[in-house]
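Heads up, data_0.cif below (mmCIF, C-alpha atoms):
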data_start
loop_
_atom_site.label_atom_id
_atom_site.label_comp_id
_atom_site.auth_asym_id
_atom_site.auth_seq_id
_atom_site.Cartn_x
_atom_site.Cartn_y
_atom_site.Cartn_z
CA MET A 1 114.20 93.03 122.52
CA ARG A 2 113.80 91.00 125.70
CA HIS A 3 110.86 91.77 127.97
CA ASP A 4 113.04 92.06 131.10
CA ASN A 5 115.46 94.71 129.83
CA ARG A 6 115.77 97.89 131.88
CA VAL A 7 115.04 100.87 129.66
CA LEU A 8 115.50 104.62 129.92
CA THR A 9 113.22 106.65 127.67
CA ASN A 10 113.03 110.08 126.12
CA PRO A 11 109.47 111.50 126.54
CA GLN A 12 109.56 112.63 122.90
CA ASN A 13 108.59 109.03 122.12
CA PHE A 14 105.19 109.57 123.72
CA TRP A 15 104.32 112.75 121.82
CA ARG A 16 102.72 110.73 119.03
CA ILE A 17 101.69 107.52 120.77
CA THR A 18 99.62 109.49 123.31
CA LEU A 19 97.32 110.43 120.44
CA GLU A 20 95.69 106.99 120.57
CA PRO A 21 94.21 106.03 123.97
CA GLY A 22 96.00 103.16 125.69
CA VAL A 23 98.90 102.87 123.25
CA ALA A 24 101.46 104.55 125.49
CA GLU A 25 100.49 102.41 128.47
CA ARG A 26 100.73 99.18 126.45
CA LEU A 27 104.14 100.04 125.04
CA MET A 28 105.46 101.26 128.39
CA GLY A 29 104.50 97.93 129.94
CA HIS A 30 106.72 95.91 127.62
CA PRO A 31 110.15 96.61 129.23
CA ARG A 32 110.63 95.34 132.79
CA SER A 33 111.31 98.84 134.06
CA LEU A 34 111.13 102.26 132.49
CA VAL A 35 112.63 105.50 133.74
CA THR A 36 113.23 109.05 132.53
CA THR A 37 114.93 112.14 133.95
CA ASP A 38 113.55 115.11 135.89
CA GLN A 39 115.07 117.40 133.26
CA LEU A 40 113.11 115.79 130.44
CA PHE A 41 109.92 115.95 132.48
CA ALA A 42 110.57 119.66 133.01
CA ASP A 43 111.05 119.98 129.25
CA ALA A 44 107.63 118.39 128.66
CA LEU A 45 106.08 120.80 131.18
CA HIS A 46 107.70 123.73 129.41
CA ALA A 47 106.22 122.56 126.09
CA GLN A 48 102.78 122.35 127.68
CA GLU A 49 103.13 125.87 129.11
CA SER A 50 104.31 127.26 125.77
CA LEU A 51 101.32 125.78 123.95
CA ALA A 52 99.00 127.28 126.55
CA LEU A 53 100.04 130.80 125.51
CA ARG A 54 97.57 132.81 123.43
CA SER A 55 99.54 132.54 120.21
CA ASP A 56 98.97 130.74 116.94
CA MET A 57 102.65 130.72 116.00
CA VAL A 58 104.59 127.47 116.27
CA LEU A 59 108.22 126.65 115.60
CA ALA A 60 108.55 123.93 112.95
CA TRP A 61 111.30 122.36 110.86
CA ASP A 62 111.46 123.46 107.22
CA GLU A 63 112.47 120.33 105.33
CA GLY A 64 113.34 122.20 102.14
CA ASP A 65 115.58 124.82 103.76
CA ALA A 66 116.79 122.42 106.49
CA ARG A 67 116.27 124.99 109.26
CA PRO A 68 113.69 125.97 111.88
CA ALA A 69 110.83 128.16 110.67
CA VAL A 70 107.89 129.95 112.30
CA ARG A 71 104.48 128.73 111.12
CA ILE A 72 100.91 129.84 111.79
CA ALA A 73 98.89 126.93 113.16
CA SER A 74 95.14 126.55 112.75
CA ALA A 75 92.91 126.66 115.82
CA GLU A 76 92.10 122.99 115.30
CA ARG A 77 95.75 122.00 115.15
CA LEU A 78 96.60 124.07 118.23
CA ALA A 79 93.78 122.43 120.19
CA ARG A 80 95.05 119.00 119.16
CA MET A 81 98.63 119.89 120.12
CA ARG A 82 97.52 121.20 123.53
CA THR A 83 95.52 118.06 124.24
CA THR A 84 98.45 115.86 123.24
CA SER A 85 100.89 117.91 125.30
CA SER A 86 98.70 117.59 128.39
CA ARG A 87 98.42 113.86 127.83
CA LEU A 88 102.19 113.63 127.43
CA VAL A 89 102.76 115.36 130.77
CA GLU A 90 100.22 113.04 132.40
CA VAL A 91 102.01 109.94 131.08
CA VAL A 92 105.51 111.12 132.00
CA ARG A 93 104.43 112.33 135.44
CA ALA A 94 103.44 108.74 136.29
CA MET A 95 106.87 107.37 135.34
CA PRO A 96 109.80 106.86 137.71
CA ARG A 97 112.29 109.72 137.28
CA VAL A 98 115.88 110.39 138.27
CA PRO A 99 117.55 113.79 138.73
CA ARG A 100 120.20 114.64 136.15
CA PRO A 101 121.16 118.28 136.73
CA GLU A 102 124.39 117.90 134.76
CA LEU A 103 126.01 115.56 132.28
CA ARG A 104 128.38 113.03 133.86
CA SER A 105 129.17 110.53 131.12
CA LEU A 106 129.01 112.76 128.03
CA ARG A 107 131.14 115.68 129.15
CA GLN A 108 133.38 115.32 126.10
CA LEU A 109 130.52 116.04 123.65
CA PRO A 110 130.68 119.51 122.05
CA VAL A 111 127.39 120.94 123.38
CA ARG A 112 126.53 124.58 122.73
CA GLY A 113 125.16 126.60 125.63
CA ASN A 114 123.51 125.10 128.69
CA ASN A 115 120.63 123.36 126.93
CA THR A 116 121.58 119.77 127.72
CA GLN A 117 118.18 118.40 128.79
CA TRP A 118 117.86 116.41 125.58
CA LEU A 119 121.07 114.52 126.43
CA THR A 120 120.22 113.63 130.04
CA ALA A 121 118.50 110.35 129.16
CA LEU A 122 121.47 109.19 127.11
CA ASP A 123 123.89 110.36 129.80
CA HIS A 124 122.06 108.37 132.49
CA ALA A 125 121.73 105.33 130.23
CA LYS A 126 125.46 105.27 129.53
CA GLU A 127 126.43 105.57 133.20
CA HIS A 128 124.07 102.83 134.38
CA GLY A 129 124.19 100.45 131.40
CA LEU A 130 120.56 101.00 130.40
CA ILE A 131 118.98 100.68 126.98
CA LEU A 132 117.72 103.94 125.45
CA TRP A 133 114.23 104.06 123.95
CA CYS A 134 114.43 106.97 121.54
CA ASP A 135 112.85 107.99 118.22
CA ASP A 136 115.22 110.88 117.55
CA ARG A 137 117.56 109.73 114.77
CA VAL A 138 120.34 112.12 115.73
CA LEU A 139 120.22 111.13 119.40
CA ARG A 140 120.22 107.44 118.49
CA ALA A 141 123.27 107.97 116.31
CA VAL A 142 125.02 109.69 119.22
CA ALA A 143 123.98 106.81 121.50
CA ARG A 144 125.49 104.24 119.14
CA SER A 145 128.71 106.23 118.96
CA GLU A 146 128.81 106.14 122.78
CA GLY A 147 128.20 102.38 122.90
CA VAL A 148 124.66 102.68 124.28
CA ALA A 149 122.09 100.19 122.98
CA THR A 150 119.01 101.93 121.59
CA PHE A 151 115.75 101.15 119.84
CA GLY A 152 112.72 103.01 118.48
CA THR A 153 108.97 102.69 118.82
CA LEU A 154 108.65 100.74 115.56
CA THR A 155 111.06 98.12 116.88
CA LEU A 156 109.08 97.92 120.11
CA LEU A 157 105.83 97.40 118.20
CA ASP A 158 107.42 94.60 116.18
CA ALA A 159 108.73 93.02 119.39
CA ARG A 160 105.22 93.02 120.86
CA VAL A 161 103.90 91.30 117.75
CA ASP A 162 106.67 88.68 117.94
CA ALA A 163 105.83 88.10 121.61
CA GLY A 164 102.13 87.66 120.84
CA LEU A 165 101.20 90.74 122.90
CA THR A 166 99.88 92.71 119.92
CA THR A 167 98.24 91.48 116.74
CA PRO A 168 99.74 92.50 113.39
CA GLU A 169 96.54 94.43 112.65
CA GLU A 170 96.80 96.41 115.90
CA ALA A 171 100.46 97.17 115.20
CA LEU A 172 99.62 98.37 111.69
CA LEU A 173 96.93 100.74 112.99
CA THR A 174 99.32 102.12 115.61
CA LYS A 175 102.00 102.67 112.96
CA ALA A 176 99.37 104.37 110.79
CA GLU A 177 98.62 106.73 113.68
CA LEU A 178 102.33 107.47 114.03
CA LEU A 179 102.58 108.10 110.29
CA ARG A 180 99.60 110.45 110.39
CA ASN A 181 101.39 112.48 113.04
CA HIS A 182 104.71 112.98 111.26
CA TYR A 183 106.71 110.05 112.60
CA VAL A 184 109.71 110.28 110.27
CA ASP A 185 110.85 107.61 107.82
CA ILE A 186 108.46 104.75 108.49
CA PRO A 187 109.29 102.25 105.71
CA PHE A 188 106.75 102.29 102.89
CA SER A 189 104.03 99.68 102.99
CA ALA A 190 100.95 100.00 100.76
CA ASP A 191 98.67 98.70 103.52
CA LEU A 192 100.16 100.99 106.16
CA TYR A 193 100.13 104.15 104.05
CA HIS A 194 96.62 103.34 102.80
CA ALA A 195 95.34 102.97 106.38
CA ALA A 196 96.91 106.29 107.40
CA ALA A 197 95.63 108.18 104.34
CA LEU A 198 92.16 106.69 104.74
CA ALA A 199 92.04 107.86 108.37
CA ASP A 200 92.94 111.36 107.10
CA GLY A 201 90.12 111.30 104.55
CA TRP A 202 92.71 111.23 101.72
CA GLN A 203 93.88 114.72 102.55
CA ALA A 204 97.53 115.23 101.69
CA GLY A 205 98.80 115.73 105.23
CA ALA A 206 101.58 113.93 107.04
CA VAL A 207 101.35 110.90 104.76
CA SER A 208 102.14 113.01 101.71
CA VAL A 209 105.07 114.52 103.61
CA ALA A 210 106.34 110.96 104.15
CA LEU A 211 106.06 110.37 100.38
CA SER A 212 108.34 113.35 99.77
CA ARG A 213 111.18 111.67 101.67
CA PRO A 214 113.63 109.38 99.85
CA SER A 215 113.12 106.56 102.37
CA ALA A 216 109.59 105.98 100.99
CA TRP A 217 110.90 105.11 97.52
CA ALA A 218 112.76 101.83 98.04
CA ASP A 219 110.06 100.23 95.84
CA ALA A 220 109.41 103.10 93.44
CA LYS A 221 106.66 101.36 91.46
CA ALA A 222 104.63 100.53 94.57
CA THR A 223 105.06 104.03 96.01
CA ALA A 224 104.11 105.72 92.74
CA ALA A 225 101.04 103.49 92.46
CA PHE A 226 99.96 104.49 95.97
CA ALA A 227 100.47 108.20 95.25
CA LEU A 228 98.38 108.01 92.08
CA ASN A 229 95.66 106.06 93.88
CA ALA A 230 95.61 108.69 96.64
CA ALA A 231 95.32 111.47 94.06
CA SER A 232 92.48 109.65 92.32
CA ARG A 233 90.55 109.37 95.59
CA ALA A 234 91.01 113.06 96.38
CA VAL A 235 90.55 114.68 92.98
CA GLY A 236 86.73 114.56 92.92
CA ALA A 237 86.00 116.41 96.16
CA LEU A 238 89.45 117.75 97.08
CA PRO A 239 91.29 118.52 93.81
CA HIS A 240 93.92 120.67 95.50
CA GLU A 241 94.75 117.71 97.75
CA ALA A 242 95.27 115.60 94.61
CA ALA A 243 97.78 118.20 93.42
CA ASP A 244 99.57 117.98 96.76
CA TRP A 245 99.80 114.16 96.56
CA ILE A 246 101.34 114.38 93.10
CA SER A 247 103.72 117.16 94.12
CA ALA A 248 104.93 115.19 97.15
CA ALA A 249 105.46 112.06 95.04
CA TYR A 250 107.41 113.96 92.39
CA ASP A 251 109.55 115.57 95.09
CA GLY A 252 110.22 112.24 96.83
CA LEU A 253 111.14 110.48 93.59
CA HIS A 254 113.43 113.37 92.66
CA ARG A 255 115.26 113.14 95.97
CA ALA A 256 115.46 109.34 95.92
CA THR A 257 116.78 108.95 92.36
CA PRO A 258 120.49 109.21 91.49
CA ILE A 259 121.23 112.11 89.17
CA ALA A 260 122.09 109.84 86.24
CA HIS A 261 118.57 108.34 86.22
CA ARG A 262 116.58 111.24 87.65
CA ARG A 263 115.25 112.80 84.44
CA ARG A 264 114.13 109.45 83.01
CA ASN A 265 112.33 108.43 86.21
CA LEU A 266 110.59 111.78 86.65
CA GLN A 267 109.56 111.78 83.02
CA ALA A 268 108.09 108.29 83.42
CA PHE A 269 106.17 109.34 86.54
CA SER A 270 104.83 112.47 84.83
CA LEU A 271 103.65 110.36 81.89
CA GLN A 272 101.95 107.98 84.35
CA VAL A 273 100.01 110.92 85.77
CA LEU A 274 98.83 111.97 82.30
CA LEU A 275 97.72 108.41 81.52
CA GLN A 276 95.48 108.09 84.57
CA PRO A 277 91.85 107.29 83.68
CA TRP A 278 90.59 110.16 85.84
CA ILE A 279 92.53 112.79 83.89
CA SER A 280 90.25 115.16 81.99
CA SER A 281 90.12 118.84 81.06
CA SER A 282 88.65 119.56 84.51
CA THR A 283 91.13 117.51 86.57
CA LEU A 284 94.31 117.98 84.52
CA PRO A 285 95.00 121.53 85.80
CA PHE A 286 95.27 120.17 89.36
CA ALA A 287 97.39 117.16 88.37
CA TRP A 288 99.63 119.35 86.25
CA ALA A 289 99.93 121.91 89.05
CA GLY A 290 101.14 119.08 91.29
CA LEU A 291 103.77 118.04 88.77
CA ARG A 292 104.90 121.62 88.30
CA ALA A 293 105.09 122.21 92.08
CA GLY A 294 107.17 119.05 92.47
CA ALA A 295 109.48 120.17 89.67
CA GLU A 296 109.88 123.59 91.26
CA ALA A 297 110.66 122.01 94.65
CA GLY A 298 113.47 120.06 92.98
CA SER A 299 114.63 123.08 90.94
CA ASP A 300 113.89 121.17 87.73
CA SER A 301 113.33 122.93 84.43
CA ASP A 302 110.24 122.45 82.28
CA ALA A 303 112.17 119.97 80.16
CA VAL A 304 110.98 116.91 82.12
CA LEU A 305 107.32 117.91 81.91
CA GLU A 306 107.55 118.85 78.24
CA ALA A 307 109.25 115.55 77.42
CA ALA A 308 106.47 113.64 79.22
CA LEU A 309 103.84 115.67 77.38
CA THR A 310 105.56 114.90 74.08
CA LEU A 311 105.42 111.17 74.82
CA TYR A 312 101.76 111.49 75.76
CA HIS A 313 100.96 113.28 72.49
CA ARG A 314 102.86 110.63 70.59
CA ALA A 315 100.75 107.92 72.23
CA LEU A 316 97.59 109.81 71.26
CA ALA A 317 98.82 110.14 67.66
CA GLU A 318 99.32 106.39 67.45
CA GLU A 319 95.63 105.80 68.23
CA LEU A 320 93.99 108.87 66.66
CA PRO A 321 94.30 110.86 63.44
CA PRO A 322 96.91 113.66 63.81
CA LEU A 323 94.38 116.51 63.94
CA VAL A 324 92.20 114.67 66.44
CA ALA A 325 95.25 113.90 68.62
CA ALA A 326 96.29 117.55 68.50
CA GLY A 327 92.78 118.72 69.39
CA THR A 328 92.53 116.22 72.24
CA LEU A 329 95.77 117.42 73.82
CA THR A 330 95.02 121.12 73.53
CA ALA A 331 91.46 120.57 74.82
CA MET A 332 92.87 118.91 77.94
CA PHE A 333 94.79 122.09 78.72
CA VAL A 334 91.91 124.50 78.08
CA HIS A 335 91.60 125.32 81.80
CA ALA A 336 95.35 125.26 82.53
CA ASP A 337 97.57 128.29 83.06
CA GLU A 338 98.71 130.21 80.00
CA VAL A 339 102.29 128.95 80.24
CA ASP A 340 101.05 125.36 80.26
CA ARG A 341 98.66 125.93 77.36
CA ALA A 342 101.61 127.35 75.44
CA MET A 343 103.64 124.24 76.24
CA ALA A 344 100.86 121.98 74.94
CA ALA A 345 100.61 124.03 71.74
CA ARG A 346 104.39 123.88 71.28
CA VAL A 347 104.37 120.11 71.67
CA VAL A 348 101.67 119.79 69.01
CA LEU A 349 103.23 122.25 66.54
CA THR A 350 106.71 120.72 66.75
CA SER A 351 105.47 117.16 66.50
CA PRO A 352 106.35 115.23 63.34
CA GLU A 353 102.91 113.64 63.52
CA TYR A 354 101.16 117.03 63.12
#

In structure tokens, what does this structure look like?
Amino acid sequence: MRHDNRVLTNPQNFWRITLEPGVAERLMGHPRSLVTTDQLFADALHAQESLALRSDMVLAWDEGDARPAVRIASAERLARMRTTSSRLVEVVRAMPRVPRPELRSLRQLPVRGNNTQWLTALDHAKEHGLILWCDDRVLRAVARSEGVATFGTLTLLDARVDAGLTTPEEALLTKAELLRNHYVDIPFSADLYHAAALADGWQAGAVSVALSRPSAWADAKATAAFALNAASRAVGALPHEAADWISAAYDGLHRATPIAHRRRNLQAFSLQVLLQPWISSSTLPFAWAGLRAGAEAGSDSDAVLEAALTLYHRALAEELPPLVAAGTLTAMFVHADEVDRAMAARVVLTSPEY
């Protein structure tokens, strides 16, 4: 992207980059000129006013059901959202704006109702031959279909690195901040995801949500290794977070794998979990709960988990006498739920090695 291009932006881009002081200003200074619409500024003001209400309910997107859902937000999260919203309004207020009370170039689009604010940036960009800076995948797809050039914040960060305006390390930390705040589908990089998870104290927050998306699994071995490393770092002090890391990884691998190979891949991942050096009778219930939650999210039966457990018992039987192998497996499940203890017993009793 050339430094002198004229760009029209959607303020949604700044929702996440305003979290880190100075980032928005540095990115906004890269294009020669930057403009937005009065309607989008009004939308940002409305968001700020909505967050100022005395309510802990927020409207979120339910990834599993693919529909909006009402969630209860913690006081800490609400405070962070209000601070970010105020910062967003401050940044957008300082930008040049143009009035766009109605659509002029996109009248043929089938838009429901009168809520067209989200299209005003694209409409203005098309009429005046501007480039659209936008991180909304749907809006960018619409822009491409309308012949409007568009780019996202990740592309802008890479352009600044190429131009020598930002170091690779600074760009990585900014991307980590975006990842920590639910920027969707950032390509997996062990260094990037590690930096984001470390900043979150290895809690399974937005980074684990990113793991549950198919786009994170282009290199399945590297992604699985990161997920298991994250679980190992959390399991000592935050065992439930370890379960969440494993659940997210199972879910992401399930969604990323073609049906013909899905069972084999999930079985291999489940076996990897069981083979981790930190697995013991005290940590296995959390790891197993993560696997079971991932299987339930993908509507899988117990067959994958039981097959992985069978392979694990077989590996034990190759190194230990049959009775010792059987006792080792059942002892690992001593603190697990009854249904899982029954599965372990079934694996032992039906094993030819027993």

Please determine an axis-aligned box that encloses all atoms of stretch 184-197 of chain A listed in the file, with 8 Å added on each side, and express its centre and edge lengths in Å to one decimal as lines of an AutoDock Vina configuration file.
center_x = 103.1
center_y = 104.5
center_z = 105.5
size_x = 31.5
size_y = 27.6
size_z = 25.5

Where does the PyMOL selection byres ((chain A and resi 173) around 10) land in this file, that is, which residues does it pick, as a count of residues only? 17

Neighbouring residues of A:Gly298 were defined as those with any atom within 9 Å, considering only C-alpha atoms; residues of the same chain fewer than 6 positions away were excluded. Please report them as an mmCIF file with C-alpha atoms, keeping the file's coordinate frame.
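Saved file part_11.cif follows:
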data_model
loop_
_atom_site.group_PDB
_atom_site.id
_atom_site.type_symbol
_atom_site.label_atom_id
_atom_site.label_comp_id
_atom_site.auth_asym_id
_atom_site.auth_seq_id
_atom_site.Cartn_x
_atom_site.Cartn_y
_atom_site.Cartn_z
ATOM 1 C CA TYR A 250 107.410 113.960 92.390
ATOM 2 C CA ASP A 251 109.550 115.570 95.090
ATOM 3 C CA HIS A 254 113.430 113.370 92.660
ATOM 4 C CA ARG A 255 115.260 113.140 95.970
#

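With all atoms listed in the file as the atoms that count, the minimum distance from A:Ile246 to the choices A:Ala260, A:Asp158, A:Thr153, A:Ser232 is reached by A:Ser232.
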
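Atom to atom, atom CA of A:Ala256 and atom CA of A:Ala220 stand 9.0 Å apart.
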
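Nearest to A:His182 of all the residues A:Ser208, A:Ser280, A:Thr150, A:Ser270 is A:Ser208, based on only C-alpha atoms.
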
May I ask which of the residues A:Asp43, A:Glu319, A:Asp123, A:Asp162 is the closest one to A:Ala143, counting only C-alpha atoms? A:Asp123

Would you write out, as a PyMOL selection string, every residue that the PyMOL selection byres ((chain A and resi 268) around 12) captures in this file? chain A and resi 220-221+224+250+253-254+261-267+269-275+291+304-312

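You will find atom CA of A:Ala303 at 23.9 Å from atom CA of A:Ser282.
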
Nearest to A:Thr283 among A:Leu157, A:Ala243, A:Ala345, A:Leu103, with distances taken over all atoms listed in the file: which residue is it? A:Ala243

Between stretch 155-192 of chain A and stretch 226-230 of chain A, at 10 Å or less, what are the per-residue closest atom pairs and their distances in Å? Count only C-alpha atoms, order by chain and rising residue number, and return it as CSV.
residue,atom,partner,partner_atom,distance
A:Phe188,CA,A:Phe226,CA,9.9
A:Ser189,CA,A:Phe226,CA,9.4
A:Ala190,CA,A:Phe226,CA,6.6
A:Asp191,CA,A:Phe226,CA,9.6

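Among A:Leu320, A:Leu88, A:Ala197, A:Ala325, the residue with the shortest atom-to-atom distance to A:Leu45, counting all atoms listed in the file, is A:Leu88.
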
Quote the spacing between atom CA of A:Ala206 and atom CA of A:Asn181 in Å to one decimal place. 6.2 Å

Considering all atoms listed in the file, state which residue in the set A:Thr330, A:Thr257, A:Ser247, A:Thr155 is at the smallest distance from A:Glu296. A:Ser247

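By all atoms listed in the file, and with residues fewer than 4 positions from A:Ala79 along its chain excluded, the set lying at most 12 Å from it is A:Gln48, A:Leu51, A:Ala52, A:Leu53, A:Arg54, A:Ser55, A:Asp56, A:Ala73, A:Ser74, A:Ala75, A:Thr83, A:Thr84, A:Ser85, A:Ser86.
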
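Residues in contact range of A:Val98, defined as at most 8 Å between only C-alpha atoms, with sequence neighbours fewer than 2 positions away removed, read A:Val35, A:Thr36, A:Thr37, A:Asp38, A:Pro96, A:Arg100.
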
For stretch 175-184 of chain A, which lacks atoms in the input, supply all heavy atoms and format the output as a CSV table (one decimal), in the frame of the given file.
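The result, written out as result.csv:
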chain,number,residue,atom,x,y,z
A,175,LYS,N,101.0,102.1,113.9
A,175,LYS,CA,102.0,102.7,113.0
A,175,LYS,C,101.3,103.7,112.0
A,175,LYS,O,101.9,104.7,111.7
A,175,LYS,CB,102.7,101.6,112.1
A,175,LYS,CG,103.6,100.7,112.9
A,175,LYS,CD,104.3,99.6,112.1
A,175,LYS,CE,105.2,98.7,112.9
A,175,LYS,NZ,105.8,97.6,112.0
A,176,ALA,N,100.1,103.4,111.6
A,176,ALA,CA,99.4,104.4,110.8
A,176,ALA,C,99.1,105.7,111.6
A,176,ALA,O,99.2,106.8,111.0
A,176,ALA,CB,98.0,103.8,110.3
A,177,GLU,N,98.8,105.5,112.8
A,177,GLU,CA,98.6,106.7,113.7
A,177,GLU,C,99.9,107.5,113.8
A,177,GLU,O,99.9,108.8,113.8
A,177,GLU,CB,98.1,106.3,115.1
A,177,GLU,CG,97.6,107.5,115.9
A,177,GLU,CD,96.3,108.1,115.4
A,177,GLU,OE1,95.7,107.5,114.6
A,177,GLU,OE2,96.1,109.2,115.9
A,178,LEU,N,101.0,106.8,114.0
A,178,LEU,CA,102.3,107.5,114.0
A,178,LEU,C,102.6,108.2,112.7
A,178,LEU,O,103.1,109.3,112.7
A,178,LEU,CB,103.4,106.4,114.3
A,178,LEU,CG,103.4,105.7,115.7
A,178,LEU,CD1,104.5,104.7,115.7
A,178,LEU,CD2,103.7,106.7,116.8
A,179,LEU,N,102.3,107.5,111.6
A,179,LEU,CA,102.6,108.1,110.3
A,179,LEU,C,101.7,109.3,110.1
A,179,LEU,O,102.2,110.4,109.6
A,179,LEU,CB,102.3,107.1,109.2
A,179,LEU,CG,102.5,107.5,107.7
A,179,LEU,CD1,103.9,107.9,107.5
A,179,LEU,CD2,102.1,106.3,106.8
A,180,ARG,N,100.5,109.3,110.5
A,180,ARG,CA,99.6,110.4,110.4
A,180,ARG,C,100.1,111.7,111.2
A,180,ARG,O,99.7,112.8,110.9
A,180,ARG,CB,98.2,110.1,110.8
A,180,ARG,CG,97.5,109.1,110.0
A,180,ARG,CD,96.1,108.8,110.5
A,180,ARG,NE,95.3,110.0,110.6
A,180,ARG,CZ,94.4,110.3,111.6
A,180,ARG,NH1,94.3,109.5,112.6
A,180,ARG,NH2,93.7,111.4,111.6
A,181,ASN,N,100.9,111.4,112.2
A,181,ASN,CA,101.4,112.5,113.0
A,181,ASN,C,102.9,112.7,112.9
A,181,ASN,O,103.6,113.0,113.9
A,181,ASN,CB,101.0,112.2,114.5
A,181,ASN,CG,99.5,112.3,114.7
A,181,ASN,OD1,99.0,113.4,114.9
A,181,ASN,ND2,98.8,111.2,114.6
A,182,HIS,N,103.4,112.6,111.7
A,182,HIS,CA,104.7,113.0,111.3
A,182,HIS,C,105.8,112.2,111.9
A,182,HIS,O,106.9,112.7,112.2
A,182,HIS,CB,104.9,114.5,111.5
A,182,HIS,CG,104.0,115.4,110.8
A,182,HIS,ND1,104.2,115.7,109.5
A,182,HIS,CD2,102.8,115.9,111.1
A,182,HIS,CE1,103.2,116.5,109.1
A,182,HIS,NE2,102.3,116.6,110.0
A,183,TYR,N,105.6,110.9,112.2
A,183,TYR,CA,106.7,110.0,112.6
A,183,TYR,C,107.6,109.8,111.4
A,183,TYR,O,107.1,109.4,110.3
A,183,TYR,CB,106.2,108.7,113.1
A,183,TYR,CG,107.2,107.8,113.8
A,183,TYR,CD1,107.3,107.7,115.2
A,183,TYR,CD2,108.1,107.1,113.0
A,183,TYR,CE1,108.2,106.9,115.8
A,183,TYR,CE2,109.0,106.3,113.6
A,183,TYR,CZ,109.1,106.2,115.0
A,183,TYR,OH,110.0,105.4,115.6
A,184,VAL,N,108.9,110.2,111.5
A,184,VAL,CA,109.7,110.3,110.3
A,184,VAL,C,110.2,108.9,109.8
A,184,VAL,O,110.6,108.1,110.6
A,184,VAL,CB,110.9,111.2,110.6
A,184,VAL,CG1,111.9,111.3,109.4
A,184,VAL,CG2,110.4,112.6,110.9
